[in-house]
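Next up, structure.cif (mmCIF, C-alpha atoms):
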```
data_upload
#
loop_
_atom_site.label_atom_id
_atom_site.label_comp_id
_atom_site.auth_asym_id
_atom_site.auth_seq_id
_atom_site.Cartn_x
_atom_site.Cartn_y
_atom_site.Cartn_z
CA SER A 1 10.73 202.61 114.69
CA TYR A 2 9.42 199.82 116.87
CA PHE A 3 10.61 196.70 118.64
CA MET A 4 8.13 193.95 119.50
CA GLY A 5 8.55 190.46 120.86
CA CYS A 6 7.30 187.84 123.30
CA SER A 7 9.09 185.70 125.90
CA THR A 8 12.80 186.21 125.17
CA GLY A 9 11.62 188.77 122.62
CA GLY A 10 9.70 190.43 125.45
CA ARG A 11 12.87 190.56 127.52
CA GLU A 12 14.64 192.14 124.55
CA ALA A 13 11.82 194.68 124.22
CA MET A 14 12.29 195.71 127.85
CA MET A 15 16.05 195.81 127.32
CA ILE A 16 15.47 198.21 124.40
CA ALA A 17 13.62 200.72 126.58
CA GLN A 18 16.15 200.50 129.43
CA ARG A 19 19.51 200.23 127.67
CA LEU A 20 18.97 201.59 124.15
CA PRO A 21 16.56 204.42 124.99
CA LEU A 22 17.47 206.53 121.93
CA GLU A 23 17.00 203.83 119.30
CA PHE A 24 13.26 203.08 119.19
CA ASP A 25 10.09 205.17 119.40
CA GLY A 26 8.01 202.34 120.83
CA SER A 27 8.54 198.92 122.35
CA VAL A 28 6.08 196.08 122.98
CA ALA A 29 7.06 193.38 125.48
CA GLY A 30 4.87 190.27 125.65
CA ASN A 31 5.11 187.78 128.53
CA PRO A 32 8.69 188.95 129.03
CA SER A 33 11.28 186.66 130.59
CA TRP A 34 12.82 189.89 131.86
CA ASN A 35 14.22 188.40 135.10
CA LEU A 36 15.33 185.10 133.60
CA THR A 37 17.83 184.23 136.31
CA ARG A 38 15.11 184.42 138.97
CA ILE A 39 12.68 182.53 136.73
CA ALA A 40 15.16 179.66 136.50
CA MET A 41 15.64 179.75 140.27
CA ASN A 42 11.87 179.70 140.76
CA GLN A 43 11.50 176.74 138.40
CA VAL A 44 13.84 174.77 140.65
CA TRP A 45 11.79 175.92 143.65
CA SER A 46 8.68 174.44 142.02
CA LEU A 47 10.58 171.23 141.24
CA GLN A 48 11.58 170.90 144.88
CA GLN A 49 7.97 171.41 146.02
CA VAL A 50 6.58 168.83 143.59
CA THR A 51 9.30 166.35 144.57
CA ARG A 52 8.39 166.86 148.22
CA ILE A 53 4.71 165.93 147.75
CA ALA A 54 5.04 163.32 144.97
CA PRO A 55 4.25 159.67 145.70
CA ARG A 56 7.19 157.24 145.56
CA SER A 57 7.69 154.23 143.34
CA ALA A 58 8.55 150.81 144.75
CA GLU A 59 12.20 151.81 144.35
CA GLY A 60 11.64 155.04 146.29
CA GLN A 61 11.79 157.38 143.30
CA PRO A 62 9.43 160.41 143.31
CA GLN A 63 6.68 160.11 140.70
CA LEU A 64 6.41 163.80 139.83
CA PHE A 65 3.64 163.34 137.27
CA ALA A 66 1.41 161.78 139.95
CA ALA A 67 1.81 164.58 142.51
CA ILE A 68 -1.51 166.08 141.40
CA ARG A 69 -3.91 164.32 139.02
CA ASP A 70 -5.40 165.95 135.93
CA GLU A 71 -8.93 165.73 137.26
CA GLN A 72 -7.83 167.55 140.42
CA LEU A 73 -6.19 170.31 138.38
CA LYS A 74 -9.40 170.71 136.37
CA GLU A 75 -11.37 170.98 139.60
CA VAL A 76 -8.99 173.67 140.87
CA SER A 77 -9.58 175.60 137.64
CA ALA A 78 -13.35 175.19 137.98
CA SER A 79 -13.24 176.26 141.64
CA VAL A 80 -11.29 179.40 140.75
CA LEU A 81 -13.95 180.29 138.18
CA ARG A 82 -16.80 179.64 140.58
CA GLN A 83 -15.26 181.93 143.17
CA CYS A 84 -13.72 184.66 141.03
CA ASP A 85 -15.26 184.79 137.54
CA ALA A 86 -18.12 187.13 138.44
CA LEU A 87 -16.07 189.51 140.61
CA ASP A 88 -15.83 191.93 137.68
CA GLY A 89 -19.62 191.92 137.27
CA LEU A 90 -19.73 189.50 134.34
CA LYS A 91 -19.65 185.72 134.53
CA ASP A 92 -17.99 184.83 131.24
CA GLY A 93 -15.31 182.20 131.92
CA LEU A 94 -12.59 184.84 132.50
CA VAL A 95 -11.12 186.08 135.78
CA ASN A 96 -10.60 189.77 135.03
CA ASP A 97 -10.53 191.05 138.61
CA PHE A 98 -7.64 188.83 139.63
CA GLN A 99 -6.60 191.20 142.42
CA ALA A 100 -9.92 190.60 144.18
CA CYS A 101 -9.69 186.83 143.71
CA LYS A 102 -8.83 185.28 147.07
CA PHE A 103 -8.96 181.63 146.07
CA ASP A 104 -7.25 179.33 148.56
CA PRO A 105 -6.49 175.67 147.70
CA ALA A 106 -7.27 174.85 151.33
CA SER A 107 -10.95 175.21 150.41
CA MET A 108 -10.52 171.99 148.41
CA ARG A 109 -8.82 169.98 151.15
CA CYS A 110 -10.46 166.61 151.72
CA GLY A 111 -12.83 166.70 154.65
CA VAL A 112 -13.35 170.48 154.61
CA PRO A 113 -17.03 171.48 154.36
CA GLY A 114 -17.85 172.31 150.77
CA ALA A 115 -14.77 170.55 149.37
CA PRO A 116 -15.12 168.31 146.29
CA GLY A 117 -15.64 164.55 146.62
CA ALA A 118 -12.96 161.99 147.32
CA GLN A 119 -11.72 161.76 143.71
CA LEU A 120 -11.28 165.51 143.31
CA CYS A 121 -10.41 166.91 146.73
CA LEU A 122 -6.80 167.73 147.65
CA SER A 123 -4.71 166.08 150.33
CA PRO A 124 -3.02 168.33 152.91
CA GLN A 125 0.29 167.75 151.10
CA GLN A 126 -1.21 168.79 147.75
CA VAL A 127 -2.68 171.93 149.32
CA ASP A 128 0.69 172.86 150.79
CA GLY A 129 2.44 172.11 147.51
CA LEU A 130 0.12 174.31 145.44
CA LYS A 131 0.41 177.14 147.92
CA ALA A 132 4.20 176.92 147.79
CA ILE A 133 4.27 176.86 143.97
CA PHE A 134 1.89 179.78 143.55
CA GLY A 135 3.55 181.72 146.35
CA GLY A 136 6.93 181.54 144.60
CA ALA A 137 10.43 180.91 145.87
CA ARG A 138 11.24 181.98 149.42
CA ASN A 139 14.20 181.78 151.75
CA SER A 140 14.13 180.21 155.21
CA ARG A 141 12.89 183.50 156.69
CA GLY A 142 9.84 183.42 154.41
CA GLU A 143 11.02 186.36 152.32
CA SER A 144 9.94 186.31 148.67
CA LEU A 145 12.78 185.74 146.19
CA TYR A 146 10.65 185.90 143.06
CA GLY A 147 6.95 186.77 143.34
CA THR A 148 3.46 185.34 143.28
CA TYR A 149 1.29 183.70 140.64
CA THR A 150 -2.40 184.38 140.15
CA TYR A 151 -4.85 181.49 140.43
CA ASP A 152 -6.40 181.19 136.98
CA THR A 153 -7.87 178.66 134.58
CA GLY A 154 -4.52 177.70 133.03
CA ILE A 155 -3.68 175.35 135.88
CA ALA A 156 -5.81 172.75 134.07
CA SER A 157 -3.86 173.08 130.82
CA PRO A 158 -1.32 170.59 129.43
CA ALA A 159 1.16 173.48 129.43
CA TRP A 160 0.96 173.86 133.22
CA ARG A 161 1.32 170.13 133.71
CA GLY A 162 4.25 170.00 131.29
CA MET A 163 6.04 172.77 133.16
CA HIS A 164 5.49 171.63 136.75
CA LEU A 165 4.54 167.93 136.79
CA GLY A 166 5.46 166.29 133.50
CA GLY A 167 4.08 162.96 132.37
CA ALA A 168 4.68 159.29 133.01
CA THR A 169 7.43 159.19 130.35
CA ALA A 170 8.65 162.80 130.37
CA PRO A 171 9.96 164.92 133.25
CA PRO A 172 8.56 168.41 133.84
CA ALA A 173 10.28 171.28 132.05
CA ASN A 174 11.33 172.61 135.45
CA ALA A 175 13.56 169.52 135.79
CA THR A 176 15.25 170.08 132.42
CA LEU A 177 14.87 173.62 131.07
CA GLY A 178 14.77 175.23 134.50
CA ARG A 179 17.57 173.09 135.90
CA ASP A 180 19.93 173.68 132.98
CA THR A 181 19.19 177.40 132.65
CA LEU A 182 20.03 177.72 136.33
CA ARG A 183 23.20 175.64 136.49
CA LEU A 184 24.70 176.39 133.06
CA PHE A 185 23.64 180.01 132.50
CA ALA A 186 22.28 181.81 135.54
CA MET A 187 24.87 180.74 138.11
CA THR A 188 28.33 182.31 138.15
CA PRO A 189 30.47 180.31 137.82
CA PRO A 190 28.37 177.60 136.15
CA VAL A 191 27.79 174.43 138.14
CA PRO A 192 27.28 171.73 135.46
CA ASP A 193 26.71 168.92 137.94
CA LEU A 194 24.30 170.81 140.22
CA ASP A 195 21.57 168.67 141.70
CA PRO A 196 18.57 171.04 141.56
CA LEU A 197 17.11 169.44 144.66
CA THR A 198 20.10 170.72 146.65
CA PHE A 199 19.87 174.37 145.53
CA ASN A 200 19.83 176.41 148.73
CA PHE A 201 17.53 179.44 148.71
CA ASP A 202 19.47 181.11 151.52
CA ARG A 203 23.01 180.58 150.29
CA ASP A 204 22.91 180.09 146.51
CA VAL A 205 20.73 182.97 145.29
CA ALA A 206 23.72 185.33 145.37
CA LEU A 207 25.34 183.19 142.66
CA LEU A 208 22.79 184.61 140.18
CA ASP A 209 23.81 188.24 140.60
CA GLU A 210 26.55 188.45 137.96
CA THR A 211 24.46 187.00 135.14
CA ALA A 212 21.41 189.01 136.25
CA ALA A 213 23.36 192.25 135.93
CA ILE A 214 24.00 191.47 132.28
CA ASN A 215 20.89 189.57 131.27
CA ASP A 216 17.92 190.84 133.31
CA PRO A 217 16.51 194.27 132.34
CA ASN A 218 14.84 194.78 135.70
CA GLY A 219 15.59 198.47 136.15
CA ALA A 220 12.65 200.76 136.94
CA LEU A 221 14.05 204.17 135.91
CA HIS A 222 13.36 205.02 132.25
CA SER A 223 13.82 208.79 132.26
CA THR A 224 15.66 208.95 128.92
CA PHE A 225 13.26 206.70 127.00
CA ALA A 226 10.18 208.39 128.45
CA GLY A 227 11.69 211.86 128.26
CA ARG A 228 12.19 211.70 124.50
CA GLY A 229 8.63 210.47 123.96
CA GLY A 230 9.18 206.72 123.89
CA LYS A 231 6.19 204.48 124.60
CA LEU A 232 6.23 201.07 126.23
CA ILE A 233 3.48 198.44 126.19
CA VAL A 234 3.85 195.29 128.28
CA TYR A 235 1.33 192.45 128.17
CA HIS A 236 1.22 189.19 130.07
CA GLY A 237 -1.01 186.14 130.32
CA ASN A 238 -2.31 185.52 133.83
CA SER A 239 -2.08 181.76 133.23
CA ASP A 240 1.55 181.85 132.08
CA GLN A 241 2.86 178.48 133.22
CA ALA A 242 6.35 179.76 134.06
CA MET A 243 6.30 183.52 134.68
CA ALA A 244 4.33 185.08 137.51
CA THR A 245 1.94 188.00 137.16
CA GLY A 246 2.81 189.33 140.62
CA VAL A 247 6.45 189.87 139.64
CA LEU A 248 5.43 192.01 136.69
CA THR A 249 2.83 194.07 138.55
CA ASP A 250 5.34 194.74 141.34
CA TRP A 251 7.82 196.02 138.75
CA TYR A 252 5.17 198.15 137.03
CA ASN A 253 4.22 199.76 140.34
CA ARG A 254 7.88 200.81 140.79
CA LEU A 255 8.24 202.09 137.24
CA LEU A 256 9.65 205.61 136.82
CA PRO A 257 9.13 208.33 135.80
CA ARG A 258 5.53 208.50 137.05
CA ASN A 259 2.81 211.05 136.68
CA ALA A 260 0.19 211.72 139.34
CA LYS A 261 -1.79 208.63 138.33
CA GLY A 262 1.13 206.32 137.58
CA PRO A 263 3.33 205.73 134.51
CA GLN A 264 0.39 205.61 132.07
CA ASP A 265 1.52 208.63 130.04
CA TRP A 266 4.36 206.57 128.56
CA ALA A 267 4.03 202.93 129.74
CA ARG A 268 1.07 200.57 130.12
CA LEU A 269 0.64 197.00 131.32
CA TYR A 270 -2.14 194.76 130.00
CA LEU A 271 -2.95 191.47 131.73
CA VAL A 272 -4.77 188.79 129.74
CA PRO A 273 -7.04 186.49 131.78
CA GLY A 274 -6.56 182.80 131.07
CA MET A 275 -3.71 183.26 128.58
CA LEU A 276 -0.72 180.93 128.78
CA HIS A 277 2.81 181.87 127.76
CA CYS A 278 2.39 184.35 124.86
CA ALA A 279 -0.80 182.66 123.56
CA GLY A 280 -3.26 179.83 124.17
CA GLY A 281 -5.44 178.88 127.11
CA GLN A 282 -9.03 179.76 127.93
CA ALA A 283 -8.43 183.35 126.85
CA THR A 284 -9.05 186.12 124.40
CA ASP A 285 -5.43 185.81 123.27
CA GLN A 286 -5.62 187.48 119.84
CA PHE A 287 -4.99 191.24 119.79
CA ASP A 288 -2.95 193.82 117.88
CA MET A 289 -0.42 195.56 120.10
CA LEU A 290 1.54 196.83 117.09
CA GLU A 291 -1.45 198.90 115.99
CA ALA A 292 -1.87 200.09 119.57
CA ILE A 293 1.72 201.30 119.91
CA GLN A 294 1.64 202.93 116.46
CA GLN A 295 -1.47 204.89 117.30
CA TRP A 296 0.09 205.98 120.59
CA VAL A 297 3.45 207.03 119.14
CA GLU A 298 2.33 208.49 115.82
CA HIS A 299 -1.05 210.01 116.71
CA GLY A 300 -0.97 210.46 120.49
CA ARG A 301 -3.92 208.13 121.00
CA ALA A 302 -3.13 206.24 124.20
CA PRO A 303 -4.64 202.74 124.21
CA ASP A 304 -7.04 202.83 127.15
CA LYS A 305 -8.22 199.40 126.04
CA VAL A 306 -7.18 196.91 123.38
CA LEU A 307 -9.86 194.70 121.83
CA ALA A 308 -9.12 190.98 122.02
CA SER A 309 -10.72 187.79 120.75
CA GLY A 310 -9.76 184.12 120.87
CA ASN A 311 -10.57 180.65 119.60
CA ALA A 312 -11.55 179.61 123.12
CA PHE A 313 -14.51 182.02 122.96
CA PRO A 314 -15.85 182.03 119.38
CA GLY A 315 -17.68 185.19 118.41
CA ARG A 316 -16.74 187.02 121.61
CA THR A 317 -14.50 190.02 122.15
CA ARG A 318 -13.24 191.48 125.40
CA PRO A 319 -11.25 194.63 126.19
CA LEU A 320 -7.78 194.31 127.65
CA CYS A 321 -7.57 197.17 130.14
#
```

Write the structure described by the file as structure tokens, please.
Amino acid sequence: SYFMGCSTGGREAMMIAQRLPLEFDGSVAGNPSWNLTRIAMNQVWSLQQVTRIAPRSAEGQPQLFAAIRDEQLKEVSASVLRQCDALDGLKDGLVNDFQACKFDPASMRCGVPGAPGAQLCLSPQQVDGLKAIFGGARNSRGESLYGTYTYDTGIASPAWRGMHLGGATAPPANATLGRDTLRLFAMTPPVPDLDPLTFNFDRDVALLDETAAINDPNGALHSTFAGRGGKLIVYHGNSDQAMATGVLTDWYNRLLPRNAKGPQDWARLYLVPGMLHCAGGQATDQFDMLEAIQQWVEHGRAPDKVLASGNAFPGRTRPLC
């Protein structure tokens, strides 16, 4: 028997392996919102950063949608590709070797040698804002409270804009979904009238602990599930507009039990370059993880690679490793 889902379904799939380890033979977790309380906190962090750098209206209100223009976001995406696409040995529009990608938005700051022209370069405030968003929530001592994002092509997508910046007539999802998940669900007790711009990353993070203990399947010890032969596949899009790759890789590196090479004899993590939340983006985002987990559980054939295709790259396939 198998459990498979993405987003909240991915969180449920991780919950299955951790808390119902005798019930399923295999579980597939896609772009899991496994640490939802921290995701909501990090969404408010992003909202605070965008508010800080956004231009003001005549009435003094922050114009979040104008904090970074679309053409600048597209240039960031193009710059990431120019620097990091070929690091894996193949220039194909996909950043596979994301760990070797050392893109820094400061390389696009106006006036820096090699930076784009005046319409595309980034102001010092925009550089600082992007670094803060991609670096994830931190307390006043600089300690990470969530984790880091990878620079990828999805920053130019409408999905990234919709999550972090919004439009002229619609606020970003971080100001609605993130705010309300934080104040009505994640915080104990709920704070219905919380102003997200006043959330304190030193004092208020502890208010997430009670809900996290119930909701977030962030444990790393899976001795019962693995011991009885259970298999776990986790996949994640590196351009997910809300959930950070670095959080998931940190968790995977802690995962137990491990063999000499890591947890690969019972659990595997696949990262999908360019893919947004569960699907979409400049990615090979079409693949069959159900077949992969079946072959692993029923025939002992561990999926060293999963073949993927996508509408963004017609006629092309790439292995997810």

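Put simply, CA of Gly142 in chain A is 14.1 Å away from CA of Arg203 in chain A.
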
Checklist entry - Which protein, DNA or RNA residues are at most 10 Å from (12.7, 173.6, 133.4) in the file's coordinates when you count only C-alpha atoms, listed as a PyMOL selection string? => result chain A and resi 39-44+46-47+162-164+171-182+242

Checklist entry - Could you name the residues that touch Gln125 in chain A at 9 Å or less, counting only C-alpha atoms, but leaving out those on the same chain fewer than 2 positions away, as a list in words? => result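 Counting only C-alpha atoms, the residues come to Arg52, Ile53, Ala54, Leu122, Ser123, Val127, Asp128, Gly129 and Leu130 of chain A.
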
Next on the checklist: Quick one: residues within 8 Å of range 116-119 of chain A, only C-alpha atoms, excluding same-chain residues fewer than 5 positions away - as a ChimeraX atom specification?
Outcome noted: /A:72,108,110

Checklist entry - Got a sec to resolve the PyMOL selection byres ((chain A and resi 97) around 9) on this structure and send the residues as a count of residues only? => result 13

Next on the checklist: Quick check, in Å to one decimal: how far apart do CA of Asn139 in chain A and CA of Val247 in chain A lie?
Outcome noted: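 CA of Val247 in chain A lies at a distance of 16.5 Å from CA of Asn139 in chain A.
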
Item to check | Pick from A:Leu64, A:Ala267, A:Leu276, A:Leu290 nearest to Gly230 in chain A, counting only C-alpha atoms | outcome: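 Ranking A:Leu64, A:Ala267, A:Leu276, A:Leu290 by distance to Gly230 in chain A, first place goes to A:Ala267.
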
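Between Gly30 in chain A and the candidates A:Ile233, A:Ala137, A:Leu145, A:Ala302, the tightest atom-to-atom separation, counting all atoms listed in the file, involves A:Ile233.
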
Item to check | Using only C-alpha atoms: which of A:Gln83, A:Ser57, A:Pro21, A:Phe287 has the shortest distance to Ala168 in chain A | outcome: A:Ser57

Item to check | d(CA of Ser223 in chain A, CA of Thr249 in chain A) in Å | outcome: 19.4 Å

Item to check | Contacts of range 260-266 of chain A at 9 Å (all atoms listed in the file; same-chain gap of 5+ positions) as an NGL selection string | outcome: :A and (226 or 229-233 or 252-253 or 255 or 302)
